[in-house]
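Structure file entry06.txt; described as compact mmCIF, C-alpha atoms.
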# COMPACT_ATOMS: atom_id res chain seq x y z
CA MET A 29 7.08 -2.80 10.93
CA LEU A 30 10.44 -1.07 10.57
CA VAL A 31 11.94 0.98 7.75
CA LYS A 32 14.72 -1.58 7.29
CA ASP A 33 12.11 -4.31 6.73
CA VAL A 34 10.39 -2.27 4.01
CA LEU A 35 13.72 -1.53 2.34
CA ALA A 36 14.58 -5.24 2.40
CA CYS A 37 11.43 -5.93 0.35
CA SER A 38 12.39 -3.45 -2.36
CA LEU A 39 13.00 -5.63 -5.41
CA PRO A 40 16.42 -4.15 -6.26
CA ALA A 41 17.53 -5.11 -2.73
CA TRP A 42 16.58 -8.79 -2.89
CA TYR A 43 16.69 -9.68 -6.59
CA PRO A 44 20.47 -10.29 -6.93
CA GLN A 45 20.38 -12.94 -4.19
CA PHE A 46 17.22 -14.70 -5.40
CA GLU A 47 17.58 -14.20 -9.16
CA LYS A 48 17.79 -17.93 -9.92
CA ILE A 49 14.43 -18.77 -8.32
CA THR A 50 12.33 -15.89 -9.62
CA ILE A 51 11.23 -14.30 -12.90
CA GLN A 52 13.76 -12.73 -15.27
CA THR A 53 13.96 -9.04 -14.42
CA GLU A 54 15.64 -5.85 -15.59
CA ILE A 55 16.04 -2.91 -13.18
CA LEU A 56 16.18 0.65 -14.52
CA PRO A 57 17.00 3.45 -12.03
CA LEU A 58 14.44 6.26 -12.26
CA THR A 59 15.82 9.69 -13.10
CA SER A 60 14.53 12.71 -11.19
CA PRO A 61 12.58 14.06 -14.21
CA VAL A 62 10.77 10.73 -14.58
CA VAL A 63 9.90 10.65 -10.86
CA ASP A 64 8.57 14.21 -11.11
CA TYR A 65 6.50 13.25 -14.16
CA LEU A 66 4.92 10.27 -12.41
CA LEU A 67 4.08 12.38 -9.35
CA GLU A 68 2.71 15.45 -11.05
CA ASP A 69 -1.04 15.85 -11.37
CA GLY A 70 -0.99 16.62 -15.06
CA GLY A 71 -3.41 14.08 -16.51
CA LEU A 72 -2.76 11.26 -18.96
CA ILE A 73 -0.29 13.03 -21.19
CA LEU A 74 2.30 10.53 -22.39
CA PRO A 75 5.93 11.44 -23.20
CA THR A 76 6.81 12.49 -26.72
CA GLU A 77 8.54 9.15 -27.36
CA CYS A 78 5.05 7.58 -27.46
CA ASN A 79 3.79 9.85 -30.26
CA LYS A 80 4.97 7.70 -33.16
CA GLU A 81 3.60 4.59 -31.47
CA LEU A 82 0.20 6.19 -31.04
CA ARG A 83 0.14 7.60 -34.58
CA ASP A 84 1.15 4.30 -36.20
CA GLY A 85 -1.38 2.38 -34.14
CA ALA A 86 -4.26 4.51 -35.39
CA GLU A 87 -3.66 4.17 -39.12
CA GLY A 88 -6.53 2.50 -40.90
CA ASP A 89 -8.83 2.38 -37.86
CA TYR A 90 -11.70 4.41 -36.45
CA ASP A 91 -13.31 5.20 -39.80
CA ASP A 92 -16.47 6.12 -37.91
CA PHE A 93 -14.70 9.26 -36.71
CA GLY A 94 -14.54 10.58 -40.27
CA ASP A 95 -11.50 12.41 -41.59
CA VAL A 96 -9.39 12.66 -38.46
CA ASP A 97 -5.91 14.11 -38.92
CA TRP A 98 -3.88 12.03 -36.46
CA ASP A 99 -0.87 14.27 -37.06
CA LEU A 100 -2.81 17.36 -36.08
CA GLU A 101 -0.81 19.33 -33.55
CA GLN A 102 -2.11 19.38 -30.03
CA PRO A 103 -3.20 22.70 -28.54
CA SER A 104 -0.24 24.71 -27.28
CA GLU A 105 -1.28 24.13 -23.67
CA SER A 106 -1.02 20.36 -24.10
CA VAL A 107 2.29 20.58 -25.99
CA ALA A 108 3.81 22.54 -23.12
CA GLU A 109 2.85 19.78 -20.71
CA GLN A 110 4.23 16.88 -22.76
CA LYS A 111 7.52 15.61 -21.37
CA SER A 112 10.37 13.76 -23.05
CA PHE A 113 12.70 11.08 -21.66
CA PRO A 114 14.51 9.74 -24.75
CA ASP A 115 17.29 7.81 -23.00
CA PHE A 116 15.04 6.27 -20.36
CA SER A 117 12.34 5.41 -22.93
CA SER A 118 14.88 3.78 -25.23
CA LYS A 119 16.00 1.53 -22.37
CA ILE A 120 12.41 0.42 -21.78
CA THR A 121 11.97 -0.29 -25.48
CA ALA A 122 15.20 -2.33 -25.56
CA VAL A 123 14.10 -4.45 -22.59
CA LEU A 124 10.66 -4.95 -24.14
CA LYS A 125 12.31 -6.24 -27.31
CA SER A 126 14.64 -8.55 -25.38
CA PHE A 127 11.64 -9.99 -23.51
CA GLY A 128 9.89 -10.90 -26.75
CA GLY A 129 7.55 -7.90 -26.82
CA GLN A 130 5.72 -8.56 -23.53
CA LEU A 131 6.55 -7.45 -20.00
CA PHE A 132 5.19 -6.60 -16.56
CA CYS A 133 6.14 -3.32 -14.91
CA LYS A 134 6.29 -2.12 -11.30
CA LEU A 135 8.36 0.10 -9.02
CA ASN A 136 10.43 -0.97 -6.02
CA TRP A 137 7.46 -2.40 -4.14
CA SER A 138 4.17 -1.96 -5.99
CA SER A 139 2.74 -2.77 -9.38
CA PRO A 140 0.01 -0.62 -10.96
CA LYS A 141 -2.61 -3.29 -10.25
CA ASP A 142 -5.17 -0.63 -9.35
CA ALA A 143 -4.93 0.72 -12.90
CA THR A 144 -6.04 -2.39 -14.80
CA TRP A 145 -9.23 -0.48 -15.67
CA ILE A 146 -7.14 1.41 -18.23
CA GLY A 147 -4.88 -1.48 -19.19
CA LEU A 148 -5.60 -2.95 -22.59
CA ASP A 149 -7.74 -6.06 -22.09
CA LYS A 150 -7.77 -5.10 -18.37
CA SER A 151 -4.35 -6.67 -17.99
CA LEU A 152 -0.98 -5.55 -16.65
CA LYS A 153 0.71 -7.02 -19.72
CA CYS A 154 2.62 -4.32 -21.62
CA THR A 155 3.44 -4.73 -25.29
CA SER A 156 4.44 -1.12 -25.97
CA LEU A 157 6.22 1.82 -24.39
CA SER A 158 2.91 3.70 -24.25
CA GLN A 159 1.28 1.00 -22.15
CA VAL A 160 4.11 1.12 -19.60
CA TYR A 161 3.77 4.87 -19.11
CA LEU A 162 -0.04 4.72 -19.15
CA LEU A 163 -0.21 2.15 -16.34
CA LEU A 164 2.42 3.86 -14.20
CA LYS A 165 0.83 7.28 -14.64
CA SER A 166 -2.68 6.00 -13.78
CA SER A 167 -1.84 4.14 -10.56
CA ASP A 168 -2.31 5.36 -6.98
CA PHE A 169 -0.12 2.45 -5.82
CA ILE A 170 2.78 3.82 -7.86
CA THR A 171 2.24 7.27 -6.35
CA HIS A 172 2.29 5.70 -2.87
CA ASP A 173 5.62 4.00 -3.61
CA LEU A 174 7.11 7.33 -4.67
CA SER A 175 5.66 9.53 -1.96
CA MET A 176 5.15 7.57 1.27
CA PRO A 177 6.51 4.00 1.23
CA PHE A 178 7.29 4.17 4.97
CA ALA A 179 3.95 5.56 6.12
CA ASP A 180 3.19 2.49 8.26
CA CYS A 181 6.66 2.19 9.80
CA GLU A 182 6.92 2.86 13.51
CA ASP A 183 10.44 4.28 13.19
CA ALA A 184 9.93 6.38 10.03
CA ALA A 185 10.27 9.69 11.88
CA SER A 186 13.65 8.78 13.36
CA GLU A 187 15.26 7.42 10.19
CA SER A 188 17.18 9.35 7.56
CA LEU A 189 15.29 8.16 4.51
CA HIS A 190 16.54 8.02 0.95
CA VAL A 191 15.26 5.63 -1.69
CA GLU A 192 16.85 4.81 -5.02
CA TYR A 193 13.67 4.44 -7.04
CA CYS A 194 13.70 2.02 -9.96
CA LEU A 195 11.44 0.87 -12.74
CA ILE A 196 11.21 -2.91 -12.56
CA LEU A 197 10.59 -4.68 -15.86
CA ARG A 198 9.86 -8.39 -15.62
CA LYS A 199 9.46 -10.87 -18.44
CA TRP A 200 5.77 -11.55 -18.91
CA ILE A 201 4.47 -14.99 -18.03
CA ASP A 202 0.82 -15.97 -18.03
CA ILE A 203 -0.03 -16.87 -14.44
CA ASN A 204 -3.19 -18.70 -13.49
CA PRO A 205 -4.23 -16.85 -10.30
CA GLY A 206 -5.31 -20.20 -8.85
CA ILE A 207 -1.68 -21.31 -8.48
CA GLU A 208 -0.39 -18.26 -6.58
CA TYR A 209 0.04 -18.26 -2.81
CA ARG A 210 1.00 -15.71 -0.15
CA CYS A 211 3.27 -16.95 2.63
CA PHE A 212 3.77 -15.26 6.02
CA VAL A 213 7.05 -15.59 7.91
CA LYS A 214 7.57 -14.60 11.54
CA LYS A 215 10.86 -14.97 13.39
CA GLN A 216 12.21 -16.85 10.38
CA GLU A 217 9.43 -19.45 10.64
CA LEU A 218 6.70 -20.02 8.07
CA ILE A 219 3.47 -19.52 10.04
CA ALA A 220 0.74 -19.15 7.40
CA ILE A 221 -0.10 -19.61 3.72
CA SER A 222 -3.11 -18.09 1.96
CA GLN A 223 -4.61 -18.54 -1.46
CA ARG A 224 -3.46 -15.33 -3.22
CA ASP A 225 -6.63 -14.69 -5.23
CA ASN A 226 -9.24 -14.70 -2.48
CA SER A 227 -12.03 -13.60 -4.83
CA THR A 228 -12.37 -17.01 -6.51
CA TYR A 229 -12.95 -20.64 -5.48
CA TYR A 230 -10.43 -23.06 -7.02
CA GLU A 231 -11.43 -26.69 -6.69
CA HIS A 232 -7.92 -28.04 -7.32
CA ILE A 233 -6.49 -26.44 -4.16
CA MET A 234 -8.49 -28.66 -1.82
CA LYS A 235 -7.63 -31.76 -3.86
CA SER A 236 -3.90 -30.96 -3.75
CA GLU A 237 -3.72 -29.33 -0.32
CA SER A 238 -1.14 -31.68 1.15
CA SER A 239 1.28 -31.56 -1.79
CA ILE A 240 0.91 -27.76 -2.12
CA LYS A 241 1.89 -27.29 1.54
CA GLN A 242 4.81 -29.68 1.25
CA ASP A 243 6.16 -28.09 -1.94
CA ILE A 244 5.98 -24.55 -0.53
CA LEU A 245 7.54 -25.61 2.77
CA SER A 246 10.40 -27.39 0.99
CA PHE A 247 10.94 -24.35 -1.25
CA PHE A 248 11.00 -22.05 1.77
CA LYS A 249 13.49 -24.16 3.73
CA GLU A 250 15.82 -24.69 0.79
CA HIS A 251 15.83 -21.25 -0.84
CA ILE A 252 14.52 -18.56 1.52
CA GLN A 253 14.69 -19.36 5.23
CA HIS A 254 17.64 -17.58 6.94
CA LYS A 255 18.64 -16.11 3.56
CA PHE A 256 16.27 -13.12 3.45
CA SER A 257 17.57 -10.22 5.52
CA SER A 258 14.47 -9.66 7.72
CA ASP A 259 13.10 -11.96 10.40
CA ASN A 260 9.48 -11.07 9.61
CA TYR A 261 8.27 -10.83 6.02
CA VAL A 262 5.78 -12.04 3.43
CA PHE A 263 6.59 -13.72 0.15
CA ASP A 264 4.47 -14.68 -2.85
CA VAL A 265 5.03 -17.78 -4.97
CA ILE A 266 3.43 -19.67 -7.80
CA ARG A 267 3.34 -23.46 -7.90
CA THR A 268 3.23 -24.32 -11.57
CA LYS A 269 3.20 -28.08 -11.00
CA LYS A 270 4.18 -30.62 -8.36
CA ASP A 271 7.69 -29.91 -7.04
CA LYS A 272 7.94 -26.67 -9.05
CA VAL A 273 7.66 -23.39 -7.11
CA ILE A 274 8.74 -19.93 -8.35
CA LEU A 275 9.30 -16.86 -6.19
CA ILE A 276 7.28 -13.82 -7.26
CA ASP A 277 7.91 -11.12 -4.65
CA PHE A 278 8.67 -10.15 -1.05
CA ASN A 279 6.42 -7.86 1.01
CA PRO A 280 6.64 -6.28 4.48
CA PHE A 281 5.08 -8.12 7.41
CA GLY A 282 2.42 -5.57 8.35
CA GLU A 283 -0.73 -3.68 7.49
CA THR A 284 0.64 -2.35 4.23
CA THR A 285 0.46 -5.92 2.84
CA ASP A 286 -2.90 -7.60 2.18
CA SER A 287 -3.42 -10.42 4.72
CA LEU A 288 -6.04 -12.16 2.51
CA PHE A 289 -7.70 -15.06 4.43
CA PHE A 290 -5.98 -14.04 7.67
CA THR A 291 -6.12 -10.86 9.75
CA TRP A 292 -3.13 -8.85 10.84
CA ASP A 293 -4.29 -9.08 14.44
CA GLU A 294 -3.94 -12.86 14.43
CA LEU A 295 -0.74 -12.86 12.37
CA SER A 296 0.91 -10.28 14.64
CA SER A 297 -0.01 -12.22 17.77
CA TRP A 298 0.83 -15.62 16.24
CA SER A 299 3.14 -17.68 18.41
CA CYS A 300 5.84 -19.58 16.57
CA ASP A 301 5.57 -22.15 19.36
CA ASN A 302 2.03 -23.07 18.30
CA SER A 303 1.30 -26.76 18.65
CA ILE A 304 1.72 -28.76 15.47
CA LEU A 305 -1.41 -28.42 13.36
CA ASP A 306 -1.23 -31.57 11.25
CA GLY A 307 1.24 -33.84 9.56
CA GLY A 308 4.22 -32.30 11.34
CA VAL A 309 3.56 -28.87 9.78
CA LYS A 310 3.26 -25.87 12.09
CA PHE A 311 1.86 -23.34 9.63
CA GLU A 312 -1.79 -22.92 8.69
CA PHE A 313 -3.03 -22.99 5.08
CA ARG A 314 -6.25 -21.15 4.29
CA TYR A 315 -8.17 -21.08 1.03
CA ALA A 316 -11.74 -20.92 -0.25
CA THR A 317 -13.36 -24.31 0.32
CA ASP A 318 -16.44 -23.42 -1.71
CA SER A 319 -17.85 -20.47 -3.64
CA SER A 320 -19.40 -18.98 -0.49
CA GLY A 321 -15.96 -18.50 1.05
CA VAL A 322 -14.62 -16.04 -1.51
CA GLN A 323 -14.14 -12.37 -0.77
CA PRO A 324 -14.79 -9.29 -2.93
CA HIS A 325 -12.07 -8.41 -5.40
CA PRO A 326 -9.67 -6.14 -3.48
CA TYR A 327 -9.42 -3.46 -6.19
CA ARG A 328 -13.05 -3.15 -7.28
CA HIS A 329 -13.56 -0.10 -5.05
CA TYR A 330 -11.04 2.05 -6.89
CA SER A 331 -12.98 4.85 -8.56
CA ILE A 332 -12.48 5.87 -12.16
CA PRO A 333 -10.06 8.81 -12.29
CA SER A 334 -11.10 12.16 -13.72
CA ASP A 335 -9.01 11.45 -16.82
CA PHE A 336 -11.33 8.59 -17.69
CA VAL A 337 -14.33 10.87 -17.20
CA ASP A 338 -12.68 13.23 -19.68
CA LEU A 339 -12.39 10.32 -22.12
CA SER A 340 -15.98 9.20 -21.75
CA THR A 341 -17.48 12.68 -22.02
CA GLY A 342 -15.19 13.92 -24.76
CA SER A 343 -14.35 17.01 -22.69
CA ASP A 344 -10.67 16.51 -23.49
CA PRO A 345 -10.36 15.49 -27.19
CA ALA A 346 -6.57 15.09 -26.97
CA LYS A 347 -6.88 12.41 -24.29
CA LEU A 348 -9.66 10.69 -26.20
CA ILE A 349 -7.60 10.53 -29.38
CA ASP A 350 -4.56 9.15 -27.57
CA PHE A 351 -6.64 6.52 -25.79
CA LEU A 352 -8.26 5.40 -29.04
CA LYS A 353 -4.86 5.13 -30.66
CA LEU A 354 -3.65 2.85 -27.88
CA GLN A 355 -6.73 0.66 -28.17
CA SER A 356 -6.26 0.49 -31.94
CA ARG A 357 -2.63 -0.53 -31.61
CA SER A 358 -3.50 -3.25 -29.11
CA SER A 359 -6.20 -4.66 -31.38
CA ALA A 360 -3.77 -4.78 -34.28
CA ASN A 361 -1.19 -6.59 -32.14
CA THR A 362 -3.80 -9.11 -31.02
CA VAL A 363 -4.76 -9.91 -34.61
CA VAL A 364 -1.11 -10.44 -35.55
CA SER A 365 -0.54 -12.63 -32.48
CA ASP A 366 -3.61 -14.75 -33.20
CA SER A 367 -2.51 -15.16 -36.84
CA ASP A 368 0.93 -16.33 -35.73
CA SER A 369 -0.51 -18.86 -33.32
CA ASP A 370 -2.64 -20.42 -36.05
CA GLU A 371 0.32 -21.18 -38.29
Since I need it in another form, could you write the structure as C-alpha cells?
Amino acid sequence: MLVKDVLACSLPAWYPQFEKITIQTEILPLTSPVVDYLLEDGGLILPTECNKELRDGAEGDYDDFGDVDWDLEQPSESVAEQKSFPDFSSKITAVLKSFGGQLFCKLNWSSPKDATWIGLDKSLKCTSLSQVYLLLKSSDFITHDLSMPFADCEDAASESLHVEYCLILRKWIDINPGIEYRCFVKKQELIAISQRDNSTYYEHIMKSESSIKQDILSFFKEHIQHKFSSDNYVFDVIRTKKDKVILIDFNPFGETTDSLFFTWDELSSWSCDNSILDGGVKFEFRYATDSSGVQPHPYRHYSIPSDFVDLSTGSDPAKLIDFLKLQSRSSANTVVSDSDSDE
C-alpha cells in the first residue's frame, strides 16, 4: 500500500468526481486549533459553544438530583481547559440545519465508529453540535486519522507528507446494515465482494445473491472502474433495492481496511486471471449463509475510556453533569420526533 493510494481514498479527494452517486456531503477544513483540541489528552471537555445546548437540554429533567444549579460555574481548572471555536462551530450548526437536523460525521478517512458506546442511542447519528464534538473527541479512529494515517504504507518514510484535514458532514440516512457491501478492486478489476456487517446473518442475501452481484458489477463498470485514481482499492456500497446502488466510501487496499469474510493474504495474492467462477463473473461474493457463519462484532473489544469511568464513579462531577445534559437533550428530541411522526 502506497501513500498516494491512501490519499486517493481521502473523501475530499474523491467526492467531487463521485458526488452524483454518493450521499450529500459538506466538507469543512479543520483549523489547527481544532486539530490540536482533538489530539490533546484533556478528557471530555466540550467547546464553549456547546454550553447553551447542554444547559437548555437539562431544563426540567433529572429531578432525582435535587436542586442542581446547571449554570453553576465549573472549577477554574476545568474552565481553563475549555476551548472555543465559534466560527468552526457555527459552520457545523449551519450544515446540521441544512441537513434537517441529522448528520453523520467523520474525518478524511475514518468515522468515530469505535465511540458508539458514548453516542446517544449507541448511534453515530448527530442531532446537535455537542454530539459531533463528543463522538470525535472520544474516538481512537479519529486520533489515528490525525496522527498516523500512513502507518501501513511501505513508502511513508520517503514521502514528504502533508494532509489537509477536514471534517466531513454527511446527510444522515438510515441504512439497514444488511444491504451494505464491501468491494475489493485489484488492477482495476473487481475481485471480491463481502457482506459488510459480518456479525449478522441476513437471509435475504442468499435469496438475492445473483441480482446483488449483477447490480454491484454493473454499478462498478458504469461509475467507478477506470475512474478512481488508484489501481487497487476498496469501496463500500449500499443496494437499497434492485438496480439501485449508492456509493458510501473508498478505502485503501491493504491491512488498514477490514477484509471481513476474506483475508488480506488471499486478496493480496489474488490473480485477476482467475478462471471464471460462475455465470461469467470473475469475482467472489462471500456472506454468512447461516447464523453459525457470523463473526464477532469488530468493535466490541474497544475498552471503555477513563472518561467513562469518571462518569460512572462520579469522580469528575463536571463530566457527569455534561453527559447527563446530553442524554436529557437527546431524550427530549426523541419525544418531539415521535410526536411529529404520529401526526
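Of note, CA of Ile51 (chain A) and CA of Ile207 (chain A) are spaced 15.3 Å apart.
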Name the residues in contact with Phe169 (chain A) at a cut-off of 8 Å, using only C-alpha atoms, excluding same-chain residues fewer than 5 positions from it; report them as a PDB file with C-alpha atoms, in the coordinates of the input.
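Ended up saving to out_27.pdb:
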ATOM      1  CA  SER A 138       4.170  -1.960  -5.990  1.00  0.00           C
ATOM      2  CA  SER A 139       2.740  -2.770  -9.380  1.00  0.00           C
ATOM      3  CA  PRO A 140       0.010  -0.620 -10.960  1.00  0.00           C
ATOM      4  CA  LYS A 141      -2.610  -3.290 -10.250  1.00  0.00           C
ATOM      5  CA  ASP A 142      -5.170  -0.630  -9.350  1.00  0.00           C
TER       6      ASP A 142
END
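Counting from CA of Glu250 (chain A), the distance to CA of Asn226 (chain A) is 27.2 Å.
Note that CA of Ile221 (chain A) and CA of Leu131 (chain A) are 27.5 Å apart.
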Once you count all atoms listed in the file, what closest atom pair and distance in Å to one decimal does each residue of region 36-78 of chain A within 12 Å of region 276-291 of chain A have, with rows by chain and rising residue number, as CSV?
residue,atom,partner,partner_atom,distance
A:Ala36,CA,A:Pro280,CA,8.3
A:Cys37,CA,A:Phe278,CA,5.2
A:Ser38,CA,A:Phe278,CA,7.8
A:Leu39,CA,A:Asp277,CA,7.5
A:Pro40,CA,A:Phe278,CA,11.1
A:Ala41,CA,A:Phe278,CA,10.3
A:Trp42,CA,A:Phe278,CA,8.2
A:Tyr43,CA,A:Asp277,CA,9.1
A:Phe46,CA,A:Asp277,CA,10.0
A:Glu47,CA,A:Ile276,CA,10.5
A:Lys48,CA,A:Ile276,CA,11.6
A:Ile49,CA,A:Ile276,CA,8.8
A:Thr50,CA,A:Ile276,CA,5.9
A:Ile51,CA,A:Ile276,CA,6.9
A:Gln52,CA,A:Ile276,CA,10.4
A:Thr53,CA,A:Ile276,CA,10.9
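Shortest atom-to-atom contact with Asp202 (chain A) among A:Leu82, A:Ile266, A:Leu174, A:Ile120: A:Ile266, counting only C-alpha atoms.
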Might you pull out every residue within 12 Å of Ser126 (chain A), with only C-alpha atoms counted and same-chain residues fewer than 4 positions away left off, and present them as an mmCIF file with C-alpha atoms, keeping the file's coordinate frame?
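out-v4.cif, freshly written:
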data_model
loop_
_atom_site.group_PDB
_atom_site.id
_atom_site.type_symbol
_atom_site.label_atom_id
_atom_site.label_comp_id
_atom_site.auth_asym_id
_atom_site.auth_seq_id
_atom_site.Cartn_x
_atom_site.Cartn_y
_atom_site.Cartn_z
ATOM 1 C CA GLN A 52 13.760 -12.730 -15.270
ATOM 2 C CA THR A 53 13.960 -9.040 -14.420
ATOM 3 C CA GLU A 54 15.640 -5.850 -15.590
ATOM 4 C CA LYS A 119 16.000 1.530 -22.370
ATOM 5 C CA ILE A 120 12.410 0.420 -21.780
ATOM 6 C CA THR A 121 11.970 -0.290 -25.480
ATOM 7 C CA ALA A 122 15.200 -2.330 -25.560
ATOM 8 C CA GLN A 130 5.720 -8.560 -23.530
ATOM 9 C CA LEU A 131 6.550 -7.450 -20.000
ATOM 10 C CA THR A 155 3.440 -4.730 -25.290
ATOM 11 C CA LEU A 197 10.590 -4.680 -15.860
ATOM 12 C CA ARG A 198 9.860 -8.390 -15.620
ATOM 13 C CA LYS A 199 9.460 -10.870 -18.440
ATOM 14 C CA TRP A 200 5.770 -11.550 -18.910
#
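The protein and nucleic acid residues lying at most 8 Å from Leu164 (chain A) are Leu66, Lys134, Pro140 and Ile170 of chain A, with only C-alpha atoms considered and sequence neighbours fewer than 5 positions away removed.
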Skip Ser239 (chain A) itself and residues of its chain fewer than 3 positions away, then list as a PyMOL selection string all residues within 12 Å of it, counting all atoms listed in the file.
-> chain A and resi 232-236+242-246+267+269-273+307+313
Select, from A:Phe116, A:Tyr230, A:Tyr261, A:Tyr193, the residue with the minimum atom-to-atom distance to Gln216 (chain A), counting all atoms listed in the file.
-> A:Tyr261
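With distances restricted to all atoms listed in the file, A:Tyr65 is the closest residue to Lys111 (chain A) from A:Ile146, A:Tyr65, A:Leu218, A:Cys154.
With all atoms listed in the file as the atoms that count, the residue of A:Ser258, A:Ser166, A:Asn136, A:Thr171 with the shortest distance to Leu67 (chain A) is A:Thr171.
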For Ile196 (chain A), the closest of A:Leu135, A:Lys150, A:Ala143, A:Ala316 counting only C-alpha atoms is A:Leu135
If you count only C-alpha atoms, which residues fall within 9 Å of Lys153 (chain A), apart from same-chain ones fewer than 5 positions away, as a CSV table (one decimal) with C-alpha atoms, keeping the file's coordinate frame?
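Contents of the output file selection.csv:
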chain,number,residue,atom,x,y,z
A,130,GLN,CA,5.7,-8.6,-23.5
A,131,LEU,CA,6.6,-7.4,-20.0
A,132,PHE,CA,5.2,-6.6,-16.6
A,133,CYS,CA,6.1,-3.3,-14.9
A,147,GLY,CA,-4.9,-1.5,-19.2
A,148,LEU,CA,-5.6,-3.0,-22.6
A,159,GLN,CA,1.3,1.0,-22.2
A,160,VAL,CA,4.1,1.1,-19.6
A,200,TRP,CA,5.8,-11.6,-18.9
A,201,ILE,CA,4.5,-15.0,-18.0
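If all atoms listed in the file are the atoms counted, then among A:Gln253, A:Ser299, A:Ser117, A:Ser156 the closest residue to Thr59 (chain A) is A:Ser117.
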